[in-house]
>>> print(open('data.tsv').read())   # TSV, C-alpha atoms
chain	number	residue	atom	x	y	z
O	137	MET	CA	16.09	1.65	-1.52
O	138	THR	CA	19.37	1.77	-3.37
O	139	HIS	CA	20.45	-1.82	-3.06
O	140	LEU	CA	17.51	-3.68	-4.44
O	141	ASP	CA	19.53	-5.94	-6.70
O	142	ASP	CA	22.12	-6.91	-4.14
O	143	THR	CA	23.21	-10.49	-4.76
O	144	SER	CA	26.08	-10.50	-2.30
O	145	THR	CA	24.29	-12.87	0.06
O	146	ALA	CA	24.71	-15.84	-2.25
O	147	THR	CA	25.89	-18.93	-0.41
O	148	THR	CA	25.93	-21.62	-3.03
O	149	SER	CA	29.59	-22.58	-2.79
O	150	SER	CA	29.54	-23.87	0.77
O	151	THR	CA	27.03	-26.67	0.24
O	152	PRO	CA	28.17	-29.80	-1.57
O	153	GLY	CA	26.09	-31.87	-3.95
O	154	ALA	CA	22.99	-31.15	-5.92
O	155	ASP	CA	21.42	-29.08	-3.17
O	156	ALA	CA	23.95	-26.36	-3.88
O	157	GLU	CA	22.24	-25.66	-7.20
O	158	ARG	CA	18.93	-25.13	-5.45
O	159	LEU	CA	20.17	-22.55	-2.98
O	160	PRO	CA	19.45	-18.91	-3.87
O	161	SER	CA	21.95	-16.65	-5.58
O	162	PHE	CA	19.30	-13.97	-6.08
O	163	ALA	CA	18.46	-13.20	-2.46
O	164	THR	CA	16.23	-10.18	-2.95
O	165	THR	CA	12.75	-9.23	-4.10
O	166	GLY	CA	14.20	-6.45	-6.24
O	167	THR	CA	14.81	-6.26	-9.96
O	168	ARG	CA	16.14	-3.61	-12.29
O	169	ALA	CA	12.59	-2.27	-12.68
O	170	THR	CA	11.99	-1.92	-8.95
O	171	ARG	CA	15.37	-0.25	-8.52
O	172	PHE	CA	14.41	2.26	-11.20
O	173	LEU	CA	11.07	2.77	-9.48
O	174	GLY	CA	12.78	3.26	-6.11
O	175	ILE	CA	15.10	5.94	-7.50
O	176	ALA	CA	12.20	7.66	-9.28
O	177	THR	CA	10.26	7.64	-6.00
O	178	LEU	CA	13.15	9.26	-4.14
O	179	VAL	CA	13.46	11.96	-6.80
O	180	ALA	CA	9.71	12.63	-6.74
O	181	MET	CA	9.72	12.80	-2.92
O	182	GLY	CA	12.55	15.36	-3.13
O	183	TRP	CA	10.48	17.42	-5.57
O	184	LEU	CA	7.50	17.16	-3.23
O	185	VAL	CA	9.55	18.61	-0.35
O	186	LEU	CA	10.92	21.35	-2.61
O	187	PHE	CA	7.53	22.41	-3.97
O	188	GLY	CA	5.56	21.72	-0.80
O	189	LEU	CA	7.82	23.55	1.63
O	190	VAL	CA	9.71	26.09	-0.45
O	191	LEU	CA	8.39	26.96	-3.92
O	192	SER	CA	4.65	26.89	-3.31
O	193	PRO	CA	3.26	30.16	-1.87
O	194	ALA	CA	1.07	30.55	1.20
O	195	ASP	CA	-2.68	30.44	0.60
O	196	VAL	CA	-4.79	33.60	0.89
O	197	ASN	CA	-7.21	31.98	3.32
O	198	GLN	CA	-5.31	29.10	4.93
O	199	GLY	CA	-1.87	30.69	5.09
O	200	GLU	CA	1.06	28.30	5.48
O	201	SER	CA	-1.10	25.39	6.57
O	202	VAL	CA	-1.96	24.82	2.90
O	203	ARG	CA	1.38	22.94	2.72
O	204	PHE	CA	-0.29	19.98	4.41
O	205	PHE	CA	-2.51	19.74	1.37
O	206	TYR	CA	0.39	18.46	-0.79
O	207	ILE	CA	0.65	15.35	1.41
O	208	HIS	CA	-2.85	15.08	2.80
O	209	ALA	CA	-4.75	14.94	-0.50
O	210	PRO	CA	-2.33	12.70	-2.49
O	211	THR	CA	-2.12	10.12	0.30
O	212	ILE	CA	-5.89	9.70	0.49
O	213	TRP	CA	-6.22	9.54	-3.30
O	214	VAL	CA	-3.55	6.86	-3.54
O	215	ALA	CA	-5.26	5.07	-0.63
O	216	TYR	CA	-8.56	5.14	-2.54
O	217	ASN	CA	-6.77	3.67	-5.56
O	218	SER	CA	-5.15	1.02	-3.36
O	219	PHE	CA	-8.51	-0.12	-2.05
O	220	VAL	CA	-10.00	-0.12	-5.55
O	221	VAL	CA	-7.12	-2.36	-6.65
O	222	THR	CA	-7.83	-4.57	-3.63
O	223	ALA	CA	-11.48	-4.84	-4.66
O	224	PHE	CA	-10.62	-5.50	-8.31
O	225	SER	CA	-8.10	-8.20	-7.37
O	226	SER	CA	-10.58	-9.73	-4.95
O	227	GLY	CA	-13.16	-9.92	-7.71
O	228	ALA	CA	-10.59	-11.36	-10.10
O	229	TYR	CA	-9.76	-14.07	-7.58
O	230	LEU	CA	-13.38	-14.94	-6.89
O	231	PHE	CA	-14.80	-14.78	-10.40
O	232	THR	CA	-12.03	-16.19	-12.57
O	233	LYS	CA	-11.89	-19.94	-13.21
O	234	LYS	CA	-8.27	-20.28	-12.16
O	235	HIS	CA	-8.71	-18.67	-8.69
O	236	SER	CA	-5.09	-17.57	-8.79
O	237	LEU	CA	-3.53	-16.74	-5.44
O	238	GLY	CA	-1.57	-14.02	-7.25
O	239	TRP	CA	-4.76	-11.92	-7.25
O	240	ASP	CA	-5.15	-12.52	-3.52
O	241	ARG	CA	-1.59	-11.41	-2.81
O	242	LEU	CA	-2.06	-8.28	-4.92
O	243	ALA	CA	-5.23	-7.50	-2.93
O	244	GLY	CA	-3.43	-7.94	0.39
O	245	ALA	CA	-0.35	-5.91	-0.57
O	246	SER	CA	-2.48	-3.09	-1.95
O	247	ALA	CA	-4.62	-2.96	1.20
O	248	GLU	CA	-1.52	-2.81	3.41
O	249	ILE	CA	-0.11	0.28	1.71
O	250	GLY	CA	-3.61	1.78	1.55
O	251	VAL	CA	-3.94	1.51	5.33
O	252	VAL	CA	-0.59	3.26	5.81
O	253	PHE	CA	-1.67	6.07	3.50
O	254	VAL	CA	-5.01	6.52	5.29
O	255	ALA	CA	-3.12	6.70	8.61
O	256	LEU	CA	-0.91	9.44	7.14
O	257	THR	CA	-4.00	11.24	5.85
O	258	LEU	CA	-5.55	11.17	9.32
O	259	LEU	CA	-2.32	12.37	10.91
O	260	THR	CA	-1.71	15.26	8.51
O	261	GLY	CA	-5.41	16.11	8.67
O	262	ALA	CA	-5.26	16.33	12.46
O	263	LEU	CA	-2.24	18.66	12.31
O	264	TRP	CA	-3.92	20.72	9.62
O	265	GLY	CA	-7.10	20.87	11.71
O	266	ARG	CA	-5.14	22.13	14.69
O	267	LEU	CA	-3.81	25.04	12.63
O	268	THR	CA	-7.00	25.78	10.70
O	269	TRP	CA	-9.82	24.91	13.12
O	270	GLY	CA	-7.93	25.08	16.43
O	271	ILE	CA	-8.52	21.39	17.26
O	272	PHE	CA	-6.88	18.10	16.25
O	273	TRP	CA	-10.06	16.08	15.91
O	274	GLN	CA	-13.77	16.64	15.46
O	275	TRP	CA	-16.45	13.99	14.97
O	276	ASP	CA	-17.21	15.53	11.62
O	277	ALA	CA	-18.70	13.51	8.75
O	278	ARG	CA	-15.52	13.42	6.62
O	279	LEU	CA	-13.21	12.70	9.53
O	280	THR	CA	-15.46	10.05	11.01
O	281	THR	CA	-16.02	8.21	7.72
O	282	THR	CA	-12.26	8.30	7.02
O	283	ALA	CA	-11.59	6.81	10.47
O	284	LEU	CA	-14.21	4.16	9.67
O	285	LEU	CA	-12.44	3.40	6.38
O	286	PHE	CA	-9.17	3.01	8.29
O	287	ALA	CA	-10.75	0.68	10.88
O	288	THR	CA	-12.45	-1.38	8.15
O	289	TYR	CA	-9.21	-2.08	6.31
O	290	ILE	CA	-7.40	-2.82	9.58
O	291	GLY	CA	-10.12	-5.44	10.01
O	292	TYR	CA	-9.54	-6.65	6.45
O	293	LEU	CA	-5.84	-7.16	7.21
O	294	ALA	CA	-6.73	-8.94	10.46
O	295	VAL	CA	-9.05	-11.32	8.56
O	296	ARG	CA	-6.19	-12.13	6.18
O	297	ARG	CA	-4.16	-13.35	9.15
O	298	LEU	CA	-6.79	-15.82	10.35
O	299	GLY	CA	-5.97	-19.50	10.08
O	300	GLY	CA	-6.84	-21.91	7.29
O	301	SER	CA	-5.51	-22.78	3.86
O	302	HIS	CA	-4.37	-20.14	1.39
O	303	HIS	CA	-7.57	-20.45	-0.63
O	304	GLN	CA	-9.73	-20.14	2.50
O	305	ARG	CA	-7.84	-16.95	3.35
O	306	ALA	CA	-8.24	-15.70	-0.20
O	307	LYS	CA	-11.99	-16.38	-0.35
O	308	ARG	CA	-13.00	-14.73	2.88
O	309	SER	CA	-10.73	-11.71	2.40
O	310	ALA	CA	-11.93	-11.32	-1.20
O	311	VAL	CA	-15.54	-11.03	-0.01
O	312	LEU	CA	-14.50	-8.44	2.58
O	313	GLY	CA	-12.37	-6.59	0.01
O	314	LEU	CA	-15.35	-6.28	-2.33
O	315	LEU	CA	-17.63	-5.01	0.44
O	316	SER	CA	-15.16	-2.60	2.04
O	317	VAL	CA	-14.57	-0.63	-1.14
O	318	LEU	CA	-18.19	0.58	-0.95
O	319	LEU	CA	-17.08	2.94	1.82
O	320	ILE	CA	-15.00	5.07	-0.55
O	321	PRO	CA	-17.89	6.96	-2.20
O	322	LEU	CA	-19.33	7.54	1.26
O	323	VAL	CA	-16.04	9.06	2.46
O	324	HIS	CA	-15.53	11.15	-0.66
O	325	TRP	CA	-19.06	12.57	-0.81
O	326	SER	CA	-19.57	12.81	2.95
O	327	VAL	CA	-18.92	16.57	2.75
O	328	LEU	CA	-21.85	16.87	0.34
O	329	ILE	CA	-24.20	14.41	2.04
O	330	TRP	CA	-23.82	15.88	5.55
O	331	ARG	CA	-23.02	19.35	6.86
O	332	SER	CA	-19.29	19.16	7.39
O	333	LEU	CA	-16.51	21.23	8.90
O	334	HIS	CA	-14.19	19.80	6.25
O	335	GLN	CA	-13.95	21.78	3.03
O	336	GLU	CA	-15.50	20.42	-0.14
O	337	ALA	CA	-13.39	18.92	-2.91
O	338	THR	CA	-10.95	21.40	-4.43
O	339	VAL	CA	-9.39	19.34	-7.21
O	340	LEU	CA	-11.68	16.34	-7.62
O	341	ASP	CA	-14.66	18.71	-7.87
O	342	VAL	CA	-18.03	17.59	-9.24
O	343	ASP	CA	-17.76	20.11	-12.09
O	344	GLY	CA	-14.23	18.92	-12.92
O	345	ASP	CA	-12.78	22.42	-12.58
O	346	ALA	CA	-9.86	22.65	-10.12
O	347	ASP	CA	-10.30	25.79	-7.97
O	348	ILE	CA	-6.62	26.14	-7.17
O	349	ASP	CA	-3.58	28.16	-8.23
O	350	GLY	CA	-1.30	26.65	-10.88
O	351	ILE	CA	1.81	26.06	-8.76
O	352	MET	CA	-0.30	24.63	-5.92
O	353	LEU	CA	-1.99	22.25	-8.35
O	354	PHE	CA	1.41	21.23	-9.70
O	355	SER	CA	2.66	20.61	-6.14
O	356	ILE	CA	-0.30	18.31	-5.50
O	357	LEU	CA	0.39	16.47	-8.75
O	358	VAL	CA	4.02	16.01	-7.67
O	359	GLY	CA	2.67	14.49	-4.44
O	360	VAL	CA	0.35	12.18	-6.38
O	361	VAL	CA	3.22	11.02	-8.62
O	362	ALA	CA	5.57	10.49	-5.64
O	363	PHE	CA	3.12	8.44	-3.58
O	364	SER	CA	1.88	6.52	-6.65
O	365	LEU	CA	5.44	5.52	-7.53
O	366	PHE	CA	6.00	4.37	-3.97
O	367	TYR	CA	2.73	2.43	-4.12
O	368	VAL	CA	3.83	0.52	-7.23
O	369	TRP	CA	7.30	-0.11	-5.79
O	370	PHE	CA	5.85	-1.38	-2.52
O	371	VAL	CA	3.22	-3.64	-4.13
O	372	LEU	CA	5.81	-5.26	-6.43
O	373	HIS	CA	8.06	-6.11	-3.49
O	374	ARG	CA	5.26	-7.10	-1.14
O	375	THR	CA	3.53	-9.48	-3.56
O	376	ARG	CA	6.85	-11.25	-4.08
O	377	MET	CA	7.30	-11.49	-0.32
O	378	LEU	CA	3.81	-12.90	0.12
O	379	ALA	CA	4.49	-15.51	-2.58
O	380	MET	CA	7.63	-16.61	-0.72
O	381	GLU	CA	5.81	-16.67	2.62
O	382	ASP	CA	3.12	-18.92	1.12
O	383	LEU	CA	5.77	-21.20	-0.36
O	384	ILE	CA	7.64	-21.50	2.94
O	385	GLU	CA	4.39	-22.18	4.77
O	386	GLU	CA	3.45	-24.90	2.27
O	387	ARG	CA	6.85	-26.51	2.63
O	388	GLY	CA	6.60	-26.41	6.41
O	389	LEU	CA	3.22	-28.09	6.19
O	390	ASP	CA	4.51	-30.69	3.72
O	391	ALA	CA	7.49	-31.40	5.96
O	392	ALA	CA	5.21	-31.80	8.99
O	393	LEU	CA	2.93	-34.16	7.03
O	394	ASP	CA	5.91	-36.23	5.86
O	395	ALA	CA	7.16	-36.47	9.43
O	396	ARG	CA	3.75	-37.64	10.66
O	397	ARG	CA	3.52	-40.21	7.83
O	398	ALA	CA	6.99	-41.51	8.70
O	399	GLU	CA	5.96	-41.81	12.36
O	400	ALA	CA	2.83	-43.70	11.35
O	401	VAL	CA	4.80	-46.12	9.14
O	402	GLU	CA	7.29	-46.73	11.95
O	403	GLY	CA	4.43	-47.40	14.35
O	404	ILE	CA	2.82	-49.92	11.99
O	405	GLU	CA	6.13	-51.71	11.43
O	406	ALA	CA	6.77	-51.81	15.17
O	407	SER	CA	3.35	-53.30	15.92
O	408	ARG	CA	3.85	-55.95	13.18
O	409	ALA	CA	7.19	-56.83	14.71
O	410	ASP	CA	5.50	-57.28	18.10
O	411	GLU	CA	2.89	-59.64	16.61
O	412	THR	CA	5.55	-61.84	14.95
O	413	PRO	CA	6.23	-65.14	16.90
O	414	VAL	CA	9.45	-64.97	18.87
O	415	GLY	CA	10.92	-68.29	17.66
O	416	ASP	CA	10.26	-71.44	15.64
O	417	GLY	CA	11.75	-73.79	18.16
O	418	GLY	CA	8.59	-74.57	20.17
O	419	PRO	CA	7.51	-78.05	21.28
O	420	SER	CA	6.28	-80.17	18.42
E	100	MET	CA	15.89	30.25	6.47
E	101	ILE	CA	12.62	30.52	4.62
E	102	LEU	CA	11.07	27.96	6.95
E	103	ALA	CA	11.87	30.08	10.00
E	104	LEU	CA	9.43	32.63	8.65
E	105	PHE	CA	6.55	30.24	8.81
E	106	GLU	CA	4.31	30.84	11.78
E	107	ASP	CA	3.36	27.22	12.17
E	108	ALA	CA	6.53	25.60	10.89
E	109	GLY	CA	6.61	23.12	13.77
E	110	PHE	CA	3.31	21.50	12.83
E	111	ILE	CA	4.08	21.52	9.13
E	112	LEU	CA	7.54	20.07	9.54
E	113	THR	CA	6.20	17.42	11.92
E	114	GLY	CA	3.68	16.36	9.28
E	115	TYR	CA	6.30	16.10	6.56
E	116	ILE	CA	8.89	14.38	8.76
E	117	VAL	CA	6.47	11.78	10.09
E	118	THR	CA	5.18	11.07	6.57
E	119	PHE	CA	8.61	10.53	5.07
E	120	LEU	CA	9.81	8.57	8.09
E	121	ALA	CA	6.80	6.26	7.78
E	122	VAL	CA	7.41	5.75	4.06
E	123	GLY	CA	11.13	5.17	4.66
E	124	ALA	CA	10.53	2.74	7.51
E	125	LEU	CA	8.05	0.78	5.40
E	126	ALA	CA	10.50	0.62	2.50
E	127	TRP	CA	13.31	-0.51	4.81
E	128	ARG	CA	11.16	-3.22	6.36
E	129	VAL	CA	10.07	-4.54	2.95
E	130	ILE	CA	13.65	-4.71	1.68
E	131	ARG	CA	14.98	-6.43	4.81
E	132	SER	CA	12.15	-8.95	5.09
E	133	GLY	CA	12.29	-9.64	1.36
E	134	ARG	CA	15.99	-10.44	1.55
E	135	ASN	CA	15.53	-12.73	4.54
E	136	LEU	CA	12.76	-14.63	2.78
E	137	ALA	CA	14.63	-14.78	-0.54
E	138	LYS	CA	17.55	-16.53	1.16
E	139	GLN	CA	15.26	-19.46	1.96
E	140	ILE	CA	13.86	-19.96	-1.54
E	141	PRO	CA	15.70	-21.37	-4.58
E	142	ASP	CA	16.02	-19.01	-7.53
E	143	ASP	CA	13.95	-21.17	-9.85
E	144	GLU	CA	10.93	-20.68	-7.61
E	145	LYS	CA	11.15	-16.88	-7.68
E	146	TYR	CA	8.99	-15.84	-10.61
E	147	TRP	CA	10.70	-12.43	-10.86
E	148	THR	CA	14.21	-13.80	-11.46
>>> encode(input="data.tsv", output="structure tokens")
Amino acid sequence: MTHLDDTSTATTSSTPGADAERLPSFATTGTRATRFLGIATLVAMGWLVLFGLVLSPADVNQGESVRFFYIHAPTIWVAYNSFVVTAFSSGAYLFTKKHSLGWDRLAGASAEIGVVFVALTLLTGALWGRLTWGIFWQWDARLTTTALLFATYIGYLAVRRLGGSHHQRAKRSAVLGLLSVLLIPLVHWSVLIWRSLHQEATVLDVDGDADIDGIMLFSILVGVVAFSLFYVWFVLHRTRMLAMEDLIEERGLDAALDARRAEAVEGIEASRADETPVGDGGPS
Amino acid sequence: MILALFEDAGFILTGYIVTFLAVGALAWRVIRSGRNLAKQIPDDEKYWT
């Protein structure tokens, strides 16, 4: 993450002619802003390790396993936010006049990082469950709905990879993005709706009062900042990558169409040549 | 070490290590793929330049 503005891969000098001006000298998706974000993310991650593993005390009830909380809770919150951004961008694509593919790319990039964060939530939750409950997994309401959320967004990403034009991809994934986000309230309130082994909300409580010690709350906030910074950094890079992928795909399609047109023109010219009389010197 | 005092340090460290490895691997992949793609596109078509 420290070489985001590397321009050493420039290769403009070796190609003669006007094409040389078109070749990239800026061969990266990074900018000064993303480099700053990357460094800030690294610093925040360092703080998270320091507070999560060293400075934060053990919990009265959960003991040392409370340290999972500083990763487990922030990753699912940032995942929720990622999926809300996906839904918002999907709506923006569908309901704005321009139907900009930029919204579609933002939706896709945000869902990708959201899926990674949900996977990390499930993993840290399983390890936490092993220490606290004695088992890695239980078909509990919160765990099951979170697994369903994970599977749903894996499906969303799979739908994005189906064939068709960019706008076809954008339309069908936008509809799915708007529907999938409805799972989030179900996941979050599953501990209230059903009897659950999972504890109820500690920080995002219904009464808005965080039932947690000050340094533990600060450690969670450090986790939220660290993963949020990484989210922004990732989405900026990934949307730029998706834009380039779309461009390369379009060019490949254009090149293939040009080749087919050229073949067709050659075929027509060849058939005309065949129909032309061989000579003018026939018997009069 | 302070960590050696933790009863369940193995599980906790595994959780932290896997998390940061996943984040690092994702970041690495994005940077590498981004560079490879950016080599194929002229600068004037990169809206961030």
>>> atom_distance(input="data.tsv", atom1="atom CA of O:Leu322", atom2="atom CA of O:Asn217")
14.8 Å
>>> interface_residues(input="data.tsv", of="chain E", to="chain O", cutoff="6 Å", atoms="only C-alpha atoms", output="ChimeraX atom specification")
/E:114,133-134,137-138,141-142
>>> write_last_selection(input="data.tsv", atoms="C-alpha atoms", output="PDB file, in the frame of the given file")
ATOM      1  CA  GLY E 114       3.680  16.360   9.280  1.00  0.00           C
ATOM      2  CA  GLY E 133      12.290  -9.640   1.360  1.00  0.00           C
ATOM      3  CA  ARG E 134      15.990 -10.440   1.550  1.00  0.00           C
ATOM      4  CA  ALA E 137      14.630 -14.780  -0.540  1.00  0.00           C
ATOM      5  CA  LYS E 138      17.550 -16.530   1.160  1.00  0.00           C
ATOM      6  CA  PRO E 141      15.700 -21.370  -4.580  1.00  0.00           C
ATOM      7  CA  ASP E 142      16.020 -19.010  -7.530  1.00  0.00           C
TER       8      ASP E 142
END
>>> atom_distance(input="data.tsv", atom1="atom CA of O:Gly388", atom2="atom CA of E:Leu136")
13.8 Å
>>> atom_distance(input="data.tsv", atom1="atom CA of O:Ile356", atom2="atom CA of E:Leu120")
19.5 Å
>>> closest_residue(input="data.tsv", among="O:Gly359, O:Gly182, O:Gly313, O:Gly238", to="O:Leu293", atoms="all atoms listed in the file")
O:Gly313
